[in-house]
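Structure below is work.cif: mmCIF, C-alpha atoms.
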data_upload
#
loop_
_atom_site.label_atom_id
_atom_site.label_comp_id
_atom_site.auth_asym_id
_atom_site.auth_seq_id
_atom_site.Cartn_x
_atom_site.Cartn_y
_atom_site.Cartn_z
CA MET A 249 -45.49 3.59 10.17
CA PRO A 250 -43.52 1.34 7.81
CA LEU A 251 -39.76 1.70 8.12
CA PRO A 252 -37.70 2.37 5.06
CA ASP A 253 -35.91 -0.66 3.70
CA ARG A 254 -33.44 0.85 1.26
CA HIS A 255 -32.34 4.42 0.77
CA ILE A 256 -34.57 7.44 1.02
CA SER A 257 -38.06 6.34 1.81
CA GLY A 258 -39.92 9.47 0.89
CA PRO A 259 -41.28 12.53 2.55
CA SER A 260 -43.95 10.68 4.53
CA ASP A 261 -41.29 9.59 7.08
CA THR A 262 -40.23 13.14 7.82
CA PRO A 263 -42.26 15.72 9.73
CA ALA A 264 -43.63 18.40 7.44
CA ASP A 265 -41.54 21.20 8.97
CA LEU A 266 -38.30 19.33 8.22
CA ARG A 267 -39.03 18.37 4.63
CA ASP A 268 -37.53 21.55 3.24
CA VAL A 269 -34.27 20.81 5.12
CA GLU A 270 -34.25 17.28 3.73
CA ALA A 271 -34.85 18.59 0.23
CA SER A 272 -31.94 21.01 0.61
CA LEU A 273 -29.73 18.17 1.86
CA SER A 274 -30.63 16.09 -1.19
CA ARG A 275 -29.59 18.97 -3.44
CA LEU A 276 -26.35 19.39 -1.53
CA ALA A 277 -25.58 15.67 -1.75
CA ARG A 278 -26.23 15.73 -5.48
CA ALA A 279 -23.88 18.70 -5.82
CA GLU A 280 -21.16 16.79 -3.97
CA ARG A 281 -21.58 13.76 -6.24
CA GLN A 282 -21.42 16.02 -9.28
CA ALA A 283 -18.16 17.48 -8.00
CA ALA A 284 -16.52 14.11 -8.70
CA PRO A 285 -14.52 13.83 -11.93
CA PHE A 286 -16.77 12.75 -14.81
CA ASN A 287 -14.56 9.69 -15.39
CA LEU A 288 -14.39 8.73 -11.72
CA THR A 289 -15.26 5.10 -12.43
CA ASP A 290 -12.43 4.77 -14.96
CA ARG A 291 -9.99 6.36 -12.56
CA LEU A 292 -11.08 4.12 -9.72
CA MET A 293 -10.83 1.14 -12.04
CA ASP A 294 -7.25 2.04 -12.94
CA ALA A 295 -6.32 2.51 -9.30
CA THR A 296 -7.95 -0.62 -7.92
CA VAL A 297 -8.19 -3.34 -10.56
CA ARG A 298 -4.75 -4.73 -9.75
CA SER A 299 -5.85 -5.27 -6.16
CA LEU A 300 -8.59 -7.65 -7.32
CA PRO A 301 -7.99 -11.37 -6.86
CA GLU A 302 -6.49 -13.27 -9.78
CA PRO A 303 -9.18 -14.80 -11.95
CA ARG A 304 -9.75 -18.49 -11.37
CA GLY A 305 -8.95 -21.01 -14.11
CA GLY A 306 -7.13 -18.55 -16.35
CA ALA A 307 -10.05 -16.22 -16.92
CA PRO A 308 -9.39 -13.34 -19.28
CA ALA A 309 -8.73 -10.48 -16.84
CA HIS A 310 -5.06 -9.54 -17.36
CA GLY A 311 -4.85 -12.57 -19.62
CA SER A 312 -2.72 -10.72 -22.13
CA ASP A 313 -0.18 -9.85 -19.43
CA ARG A 314 0.11 -13.46 -18.39
CA ALA A 315 0.40 -14.67 -21.99
CA ILE A 316 3.27 -12.28 -22.63
CA ALA A 317 4.95 -13.38 -19.41
CA GLY A 318 4.56 -17.02 -20.47
CA ILE A 319 6.08 -16.41 -23.90
CA ILE A 320 9.00 -14.54 -22.38
CA HIS A 321 9.51 -17.35 -19.89
CA ARG A 322 9.42 -20.03 -22.57
CA LEU A 323 11.87 -18.12 -24.76
CA LEU A 324 14.32 -17.13 -22.08
CA ALA A 325 14.37 -20.12 -19.74
CA PRO A 326 16.50 -22.44 -21.99
CA ARG A 327 18.86 -19.58 -22.78
CA ILE A 328 19.24 -18.71 -19.12
CA ARG A 329 19.99 -22.35 -18.27
CA LEU A 330 22.55 -22.57 -21.11
CA ALA A 331 24.24 -19.31 -20.03
CA ALA A 332 24.45 -20.51 -16.43
CA GLY A 333 26.03 -23.81 -17.56
CA LEU A 334 28.58 -22.03 -19.74
CA MET A 335 29.53 -19.70 -16.92
CA LEU A 336 30.07 -22.64 -14.55
CA ALA A 337 32.25 -24.48 -17.07
CA ALA A 338 34.29 -21.35 -17.76
CA GLY A 339 34.81 -20.79 -14.02
CA ALA A 340 36.01 -24.37 -13.50
CA ALA A 341 38.39 -24.07 -16.48
CA LEU A 342 39.84 -20.87 -15.06
CA VAL A 343 40.54 -22.50 -11.70
CA ILE A 344 42.27 -25.51 -13.31
CA PHE A 345 44.34 -23.23 -15.53
CA ALA A 346 45.40 -21.13 -12.55
CA VAL A 347 46.53 -24.22 -10.61
CA VAL A 348 48.56 -25.59 -13.51
CA ARG A 349 50.07 -22.21 -14.34
CA THR A 350 51.19 -21.22 -10.84
CA GLY A 351 52.59 -24.67 -9.92
CA SER A 352 54.83 -24.46 -6.75
CA SER A 353 53.46 -21.11 -5.60
CA VAL A 354 50.11 -22.69 -4.91
CA PRO A 355 50.22 -24.47 -1.60
CA ALA A 356 48.63 -27.87 -1.50
CA ALA A 357 45.28 -27.99 0.22
CA PRO A 358 45.10 -30.18 3.31
CA GLY A 359 44.05 -33.70 2.56
CA THR A 360 44.76 -33.55 -1.14
CA GLY A 361 47.90 -35.71 -0.98
CA GLY A 362 51.55 -34.73 -1.33
CA GLN A 363 51.84 -34.51 -5.05
CA THR A 364 51.94 -30.71 -5.28
CA VAL A 365 54.29 -30.45 -2.28
CA ALA A 366 56.61 -33.00 -3.83
CA SER A 367 56.76 -31.17 -7.11
CA ALA A 368 57.44 -27.92 -5.27
CA ASP A 369 60.32 -29.50 -3.27
CA ALA A 370 61.94 -30.89 -6.39
CA HIS A 371 61.76 -27.54 -8.05
CA ASP A 372 63.36 -25.83 -5.01
CA VAL A 373 66.25 -28.35 -4.77
CA ASP A 374 67.03 -27.83 -8.43
CA ALA A 375 67.19 -24.10 -7.87
CA MET A 376 69.54 -24.46 -4.87
CA LEU A 377 71.94 -26.75 -6.77
CA ALA A 378 72.04 -24.29 -9.62
CA ALA A 379 72.91 -21.49 -7.19
CA ILE A 380 75.74 -23.53 -5.62
CA GLU A 381 77.23 -24.28 -9.01
CA ALA A 382 77.19 -20.60 -9.84
CA VAL A 383 79.05 -19.73 -6.60
CA ASP A 384 81.56 -22.48 -7.32
CA ALA A 385 82.32 -21.01 -10.69
CA ILE A 386 82.83 -17.52 -9.26
CA ALA A 387 85.22 -18.74 -6.50
CA GLY A 388 87.34 -20.63 -9.01
CA SER A 389 87.41 -23.78 -6.84
CA SER A 390 87.17 -27.18 -8.34
CA SER A 391 84.73 -28.35 -5.77
CA VAL A 392 82.64 -27.34 -2.89
CA ASP A 393 84.76 -29.43 -0.50
CA ALA A 394 87.88 -27.42 -1.34
CA LEU A 395 85.98 -24.21 -0.70
CA ILE A 396 84.93 -25.42 2.71
CA ALA A 397 88.54 -26.46 3.56
CA GLU A 398 89.77 -22.96 2.64
CA ALA A 399 87.17 -21.44 4.90
CA ASP A 400 88.30 -23.66 7.78
CA THR A 401 91.98 -22.62 7.34
CA LEU A 402 91.05 -18.97 7.31
CA ASP A 403 88.95 -19.47 10.36
CA SER A 404 91.83 -21.02 12.31
CA SER A 405 94.26 -18.18 11.60
CA LEU A 406 91.77 -15.48 12.48
CA PHE A 407 90.86 -16.91 15.84
CA SER A 408 94.28 -18.34 16.89
CA ASP A 409 94.65 -15.82 19.81
CA VAL A 410 91.31 -16.65 21.16
CA LEU A 411 92.09 -20.27 21.02
CA ASP A 412 95.44 -19.86 22.91
CA THR A 413 94.89 -21.12 26.51
CA SER A 414 98.47 -21.05 27.79
CA TRP A 415 97.82 -18.01 30.10
CA ASN A 416 95.15 -19.93 31.85
CA ASP A 417 97.50 -22.84 32.48
CA ALA A 418 100.15 -20.51 33.99
CA GLU A 419 97.67 -18.93 36.43
CA SER A 420 96.50 -22.23 37.60
CA ASN A 421 100.19 -23.09 38.39
CA GLY A 422 100.57 -20.01 40.75
CA VAL A 423 102.33 -17.58 38.37
CA SER A 424 100.93 -14.02 38.69
CA GLN A 425 101.39 -11.47 36.01
CA MET B 112 -43.42 1.96 0.86
CA ALA B 113 -40.95 1.40 -1.94
CA ALA B 114 -37.58 2.96 -1.33
CA HIS B 115 -36.58 5.25 -4.13
CA ASP B 116 -35.06 8.66 -4.31
CA PRO B 117 -34.83 10.12 -7.78
CA GLU B 118 -31.87 12.27 -6.68
CA LEU B 119 -29.82 9.31 -5.54
CA GLU B 120 -27.58 7.36 -7.88
CA PRO B 121 -30.02 5.79 -10.30
CA GLY B 122 -28.58 2.29 -10.14
CA ALA B 123 -28.17 2.18 -6.41
CA SER B 124 -31.81 1.68 -5.51
CA GLU B 125 -32.51 -0.64 -8.43
CA LEU B 126 -30.05 -3.35 -7.47
CA SER B 127 -31.49 -6.18 -5.39
CA GLU B 128 -29.55 -7.94 -2.65
CA ALA B 129 -29.30 -11.04 -4.84
CA GLU B 130 -27.90 -9.05 -7.75
CA LEU B 131 -25.40 -7.34 -5.50
CA SER B 132 -24.32 -10.70 -4.05
CA ALA B 133 -23.83 -12.08 -7.56
CA LEU B 134 -21.73 -9.04 -8.52
CA LEU B 135 -19.58 -9.40 -5.42
CA ARG B 136 -19.10 -13.09 -6.05
CA SER B 137 -17.97 -12.39 -9.60
CA ALA B 138 -15.65 -9.59 -8.48
CA SER B 139 -14.13 -11.86 -5.83
CA THR B 140 -13.10 -14.27 -8.59
CA GLY B 141 -11.35 -11.48 -10.48
CA ASP B 142 -14.15 -10.47 -12.86
CA SER B 143 -13.15 -6.92 -13.76
CA GLN B 144 -16.49 -6.12 -15.39
CA ALA B 145 -18.35 -6.96 -12.19
CA TRP B 146 -15.89 -4.81 -10.29
CA ARG B 147 -16.48 -1.90 -12.66
CA GLN B 148 -20.22 -2.15 -12.00
CA ILE B 149 -19.59 -1.99 -8.25
CA LEU B 150 -17.39 1.06 -8.72
CA ASP B 151 -20.07 2.64 -10.87
CA LEU B 152 -22.72 2.03 -8.23
CA TYR B 153 -20.80 3.17 -5.18
CA GLY B 154 -17.89 5.34 -6.33
CA ARG B 155 -19.75 8.65 -6.37
CA ARG B 156 -21.53 7.92 -3.11
CA VAL B 157 -18.25 7.32 -1.29
CA PHE B 158 -16.79 10.38 -3.01
CA ALA B 159 -19.74 12.57 -1.93
CA LEU B 160 -19.41 11.40 1.66
CA ALA B 161 -15.72 12.25 1.70
CA LYS B 162 -16.20 15.53 -0.15
CA SER B 163 -18.88 16.71 2.26
CA ARG B 164 -16.59 16.21 5.23
CA LEU B 165 -13.25 17.24 3.76
CA ARG B 166 -14.46 19.95 1.36
CA ARG B 167 -11.72 19.07 -1.12
CA SER B 168 -12.23 17.08 -4.31
CA ASP B 169 -8.62 15.87 -4.54
CA LEU B 170 -8.68 14.47 -1.03
CA ALA B 171 -12.13 12.99 -1.57
CA GLU B 172 -10.94 11.15 -4.67
CA GLU B 173 -7.81 9.94 -2.91
CA ILE B 174 -9.88 8.55 -0.06
CA THR B 175 -12.38 6.98 -2.46
CA GLN B 176 -9.54 5.19 -4.22
CA SER B 177 -8.08 4.04 -0.94
CA VAL B 178 -11.46 2.70 0.21
CA PHE B 179 -11.96 0.67 -2.96
CA VAL B 180 -8.41 -0.67 -2.89
CA THR B 181 -9.19 -1.95 0.60
CA VAL B 182 -12.47 -3.46 -0.59
CA ALA B 183 -10.81 -5.15 -3.58
CA THR B 184 -8.09 -6.57 -1.36
CA LYS B 185 -10.60 -7.89 1.14
CA LEU B 186 -12.53 -9.65 -1.58
CA ARG B 187 -9.57 -11.98 -2.08
CA PRO B 188 -10.51 -15.56 -1.32
CA GLU B 189 -8.56 -17.21 1.46
CA PRO B 190 -6.40 -20.17 0.50
CA SER B 191 -8.21 -23.42 1.04
CA LEU B 192 -8.09 -24.66 4.62
CA GLY B 193 -8.77 -28.35 4.86
CA GLY B 194 -10.61 -28.20 1.59
CA ILE B 195 -12.92 -25.39 2.75
CA ALA B 196 -12.37 -22.05 1.07
CA SER B 197 -13.58 -18.85 2.73
CA ASN B 198 -12.99 -15.09 2.48
CA ILE B 199 -10.32 -13.25 4.45
CA GLY B 200 -12.05 -9.90 4.63
CA TYR B 201 -15.60 -9.59 3.42
CA THR B 202 -17.63 -12.12 5.34
CA GLU B 203 -20.67 -9.97 6.11
CA GLN B 204 -22.95 -11.41 3.48
CA GLY B 205 -25.93 -9.19 2.81
CA LYS B 206 -24.34 -6.21 4.59
CA PHE B 207 -22.00 -4.99 1.89
CA GLU B 208 -23.06 -1.33 1.98
CA ALA B 209 -22.68 -1.15 5.75
CA TRP B 210 -19.25 -2.73 5.43
CA LEU B 211 -18.19 -0.48 2.55
CA PHE B 212 -19.27 2.74 4.25
CA ARG B 213 -17.74 1.66 7.57
CA ILE B 214 -14.40 1.49 5.77
CA ALA B 215 -15.12 4.90 4.21
CA VAL B 216 -16.19 6.50 7.50
CA ASN B 217 -13.09 5.22 9.29
CA ARG B 218 -10.85 6.46 6.52
CA ILE B 219 -12.52 9.88 6.54
CA ARG B 220 -12.25 10.13 10.34
CA ASP B 221 -8.53 9.40 10.08
CA GLU B 222 -8.13 12.09 7.45
CA VAL B 223 -10.08 14.64 9.50
CA ARG B 224 -7.85 13.95 12.50
CA LYS B 225 -4.77 14.34 10.33
CA LEU B 226 -6.03 17.63 8.91
CA ARG B 227 -6.76 18.95 12.38
CA ARG B 228 -3.22 18.17 13.46
CA HIS B 229 -1.89 20.07 10.48
CA ALA B 230 -4.51 22.79 10.36
CA THR B 231 -4.41 24.75 7.09
CA PRO B 232 -6.38 27.74 5.89
CA THR B 233 -9.62 27.03 4.11
CA ASP B 234 -8.92 25.68 0.65
CA PRO B 235 -9.93 28.07 -2.14
CA GLU B 236 -11.87 25.21 -3.67
CA VAL B 237 -14.17 25.26 -0.66
CA LEU B 238 -15.08 28.83 -1.43
CA SER B 239 -15.39 28.37 -5.16
CA ASP B 240 -16.90 24.92 -5.53
CA LEU B 241 -20.40 26.22 -5.25
CA GLY B 242 -19.86 27.60 -8.70
CA HIS B 243 -19.64 23.99 -9.86
CA THR B 244 -23.06 23.27 -8.44
CA ASP B 245 -25.97 23.81 -10.80
CA ARG B 246 -23.86 26.08 -12.96
CA ASN B 247 -26.37 25.52 -15.72
CA THR B 248 -29.16 26.98 -13.68
CA PRO B 249 -30.09 30.18 -15.41
CA GLY B 250 -29.97 33.66 -13.94
CA GLY B 251 -30.66 34.58 -10.36
CA LYS B 252 -32.16 31.24 -9.43
CA GLY B 253 -28.74 29.55 -9.68
CA VAL B 254 -27.18 32.20 -7.47
CA GLU B 255 -29.96 31.80 -4.95
CA LEU B 256 -29.47 28.04 -4.90
CA GLN B 257 -25.73 28.42 -4.44
CA THR B 258 -26.33 30.75 -1.51
CA GLN B 259 -28.71 28.23 0.06
CA LEU B 260 -26.24 25.39 -0.34
CA ALA B 261 -23.43 27.49 1.09
CA ALA B 262 -25.59 28.31 4.11
CA LEU B 263 -26.42 24.62 4.48
CA ARG B 264 -22.75 23.66 4.40
CA ASP B 265 -22.00 26.27 7.07
CA ALA B 266 -24.86 25.01 9.20
CA MET B 267 -23.56 21.45 8.93
CA GLU B 268 -20.16 22.63 10.11
CA ARG B 269 -21.81 23.76 13.33
CA LEU B 270 -23.33 20.35 14.09
CA SER B 271 -21.66 17.83 16.37
CA GLU B 272 -19.57 15.10 14.73
CA ALA B 273 -22.20 12.46 15.51
CA ASP B 274 -25.12 14.48 14.12
CA ARG B 275 -23.21 15.42 11.02
CA GLU B 276 -22.17 11.84 10.38
CA ILE B 277 -25.75 10.61 10.52
CA ILE B 278 -26.90 13.24 8.06
CA GLU B 279 -24.03 12.56 5.68
CA LEU B 280 -24.48 8.80 5.77
CA ARG B 281 -28.18 9.22 5.08
CA HIS B 282 -28.05 11.87 2.36
CA HIS B 283 -24.57 11.91 0.84
CA ALA B 284 -23.86 8.19 1.03
CA GLY B 285 -27.53 7.39 0.34
CA MET B 286 -27.76 4.66 2.95
CA SER B 287 -30.96 3.22 4.34
CA PHE B 288 -31.62 3.47 8.06
CA ALA B 289 -31.24 -0.30 8.35
CA GLN B 290 -27.78 -0.13 6.80
CA MET B 291 -26.87 2.81 9.03
CA ALA B 292 -27.99 0.82 12.08
CA GLN B 293 -25.70 -2.03 10.99
CA LEU B 294 -22.82 0.35 10.40
CA LEU B 295 -23.15 2.27 13.67
CA GLY B 296 -24.30 -0.69 15.76
CA GLU B 297 -27.38 1.07 17.06
CA PRO B 298 -31.04 0.03 17.21
CA LEU B 299 -33.10 1.28 14.30
CA GLY B 300 -35.46 3.30 16.49
CA THR B 301 -32.57 5.09 18.18
CA LEU B 302 -31.10 5.91 14.81
CA LEU B 303 -34.36 7.32 13.46
CA ALA B 304 -34.70 9.51 16.53
CA ARG B 305 -31.12 10.71 16.24
CA HIS B 306 -31.60 11.55 12.57
CA HIS B 307 -34.77 13.46 13.39
CA ARG B 308 -32.98 15.47 16.09
CA ALA B 309 -30.02 16.16 13.77
CA LEU B 310 -32.37 17.52 11.09
CA ARG B 311 -34.03 19.74 13.63
CA LYS B 312 -30.69 21.10 14.82
CA LEU B 313 -29.72 21.75 11.23
CA LYS B 314 -32.92 23.65 10.66
CA GLY B 315 -32.22 25.64 13.82
CA ALA B 316 -28.71 26.42 12.58
CA LEU B 317 -30.14 27.57 9.25
CA ASN B 318 -32.86 29.73 10.83
CA PRO B 319 -31.78 30.72 14.32
CA SER B 320 -35.02 32.64 14.90
CA GLU B 321 -37.06 29.43 14.35
CA ALA B 322 -34.85 27.23 16.53
CA ASP B 323 -36.77 24.58 18.45
CA PRO B 324 -36.00 24.91 22.17
CA GLU B 325 -36.40 21.10 22.56
CA SER B 326 -33.49 20.41 20.26
CA GLU B 327 -31.05 22.51 22.26
#

Can you dump the structure from the file as structure tokens?
Amino acid sequence: MPLPDRHISGPSDTPADLRDVEASLSRLARAERQAAPFNLTDRLMDATVRSLPEPRGGAPAHGSDRAIAGIIHRLLAPRIRLAAGLMLAAGAALVIFAVVRTGSSVPAAPGTGGQTVASADAHDVDAMLAAIEAVDAIAGSSSVDALIAEADTLDSSLFSDVLDTSWNDAESNGVSQ
Amino acid sequence: MAAHDPELEPGASELSEAELSALLRSASTGDSQAWRQILDLYGRRVFALAKSRLRRSDLAEEITQSVFVTVATKLRPEPSLGGIASNIGYTEQGKFEAWLFRIAVNRIRDEVRKLRRHATPTDPEVLSDLGHTDRNTPGGKGVELQTQLAALRDAMERLSEADREIIELRHHAGMSFAQMAQLLGEPLGTLLARHHRALRKLKGALNPSEADPESE
């Protein structure tokens, strides 16, 4: 008996008493296929076509999508590069401005030389001298040296008792109090 | 004898192996028209296989989509290795239908297992979908046919998984015995005998009084 090569080979392969069952199965299978949506192929196409490999050599499948992407790329790429360059320049300008503006409050980075430190020191010395002059004016003294001499005199009178060592000398000579 | 079943998808039995190979080659290079033809040839057959087992059109369509997404993905050519290009997935030249329906069968088995874990009452569609069948058949003959098909579905439910699978692959998926042998990895003679026994059990389930004692 020849064996079927493809698909249903016909009733001759099936015993006569089973042919009615086979015929019923064929009707059932047809009913199941008919139960599919009438536009099944379209729906399958929509669901699966993006999983297909990309066409070789720029074939037309999804060609419109790629063309649009190419146009967008060509239009936007120079603008994106320009915007990135502008942003970098603006950032650098901001940093330089901040350094110049803040001056002494910005500590010098290690290894950058002593220029910023030197400028900070000079600024601080100026401020201290200004403060001393202001104190001088308030105290009414002609100079800072005179102010220091006054402080020394006051110091001596305040601590004269403490500095008196005569009692110690008497004890050491055998005089008890 | 020439293989042709007028009730099967018309295109399915008319396509030669060479034509199918050419279609697959075109689809594997991204030819959407070739892919559409493949979907047209096999979509309803995969759907019918899934629908027969799951008894739900929505699930059957979901599984059909999933099967063809897998197939489309596997048709992708592998990047060239040492100048020699090959395919990642589909390498079984000349056995496309066996490969396709193996994917479908595995996917359906997974779904059946999942449904069993989350057992739900019979879907109303299962009870009503016979109305979809031959609804144009006039008068009492249509009702009689619907009753027969309902009885057949019930009888198939009572078959073992293996027997039912053979019948569904043969009739719903429309596969040849040679393709089924490739899919199931069994000798052709064994497969023919198993199909014969499954038909006899089905007949016994349909007409218990005529059951063949040999088939039990």

For atom CA of B:Ala273 and atom CA of B:Arg167, determine how far apart the two atoms are, in Å to one decimal place.
20.7 Å

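The gap separating atom CA of A:Ala346 from atom CA of A:Arg329 is 26.1 Å, in Å to one decimal.
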
Nearest residue to chain A out of B:Leu186, B:Val216, B:Leu131, B:Ile277, using all atoms listed in the file?
B:Leu186

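The result of the PyMOL selection byres ((chain B and resi 169) around 12) on the shown file is A:Ala283, A:Ala284, A:Pro285, A:Leu288, B:Phe158, B:Ala159, B:Ala161, B:Lys162, B:Leu165, B:Arg166, B:Arg167, B:Ser168, B:Leu170, B:Ala171, B:Glu172, B:Glu173, B:Ile174, B:Thr175, B:Gln176, B:Asp234, B:Glu236, B:Val237.
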
Would you please work out which residue, of A:Ala264, A:Leu342, A:Leu300, A:Ala271, is nearest to chain B when using only C-alpha atoms?
A:Leu300

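Taking all atoms listed in the file into account, chain A lies nearest to B:Asp151 out of the set B:Glu297, B:Asp151, B:Glu222, B:Asp265.
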
Between atom CA of B:Met286 and atom CA of B:Ile149, what distance in Å does the model show, to one decimal?
15.4 Å

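Minimum atom-to-atom distances from A:Leu276, A:Arg281, A:Ala340, A:Leu266 to B:Gln257 were compared using only C-alpha atoms, and the lowest value belongs to A:Leu276.
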
Which residue out of B:Arg155, B:Arg136, B:His282, B:His229 has the minimum interatomic distance to A:Asp290 when only C-alpha atoms are used?
B:Arg155

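Residues matched by the PyMOL selection byres ((chain B and resi 284) around 10) in this file: His255, Ala277 and Arg281 of chain A; Leu119, Glu120, Tyr153, Gly154, Arg155, Arg156, Val157, Phe158, Ala159, Leu160, Ala161, Ser163, Glu208, Phe212, Ala215, Ile277, Ile278, Glu279, Leu280, Arg281, His282, His283, Gly285, Met286 and Ser287 of chain B.
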
Neighbour residues at most 12 Å from (-8.9, 0.4, -13.8) (all atoms listed in the file) as a PyMOL selection string:
(chain A and resi 287-300+309-310) or (chain B and resi 143-144+146-148+150-151+176+179-180+183)

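Of the residues under consideration (A:Ser272, A:Asp400, A:Thr262, A:Pro303), A:Pro303 shows the shortest atom-to-atom contact distance to chain B when counting only C-alpha atoms.
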
Tell me, as a ChimeraX atom specification, which residues lie within 8 Å of A:Val269, counting all atoms listed in the file; anything in the same chain fewer than 6 positions away does not count.
/B:310,313-314

Using the chain letters and numbers from this file, what does the PyMOL selection byres ((chain A and resi 263) around 12) select? Give the answer as an MDAnalysis selection string.
(chainID A and resid 258:262 264:270) or (chainID B and resid 304 306:308 310:311)
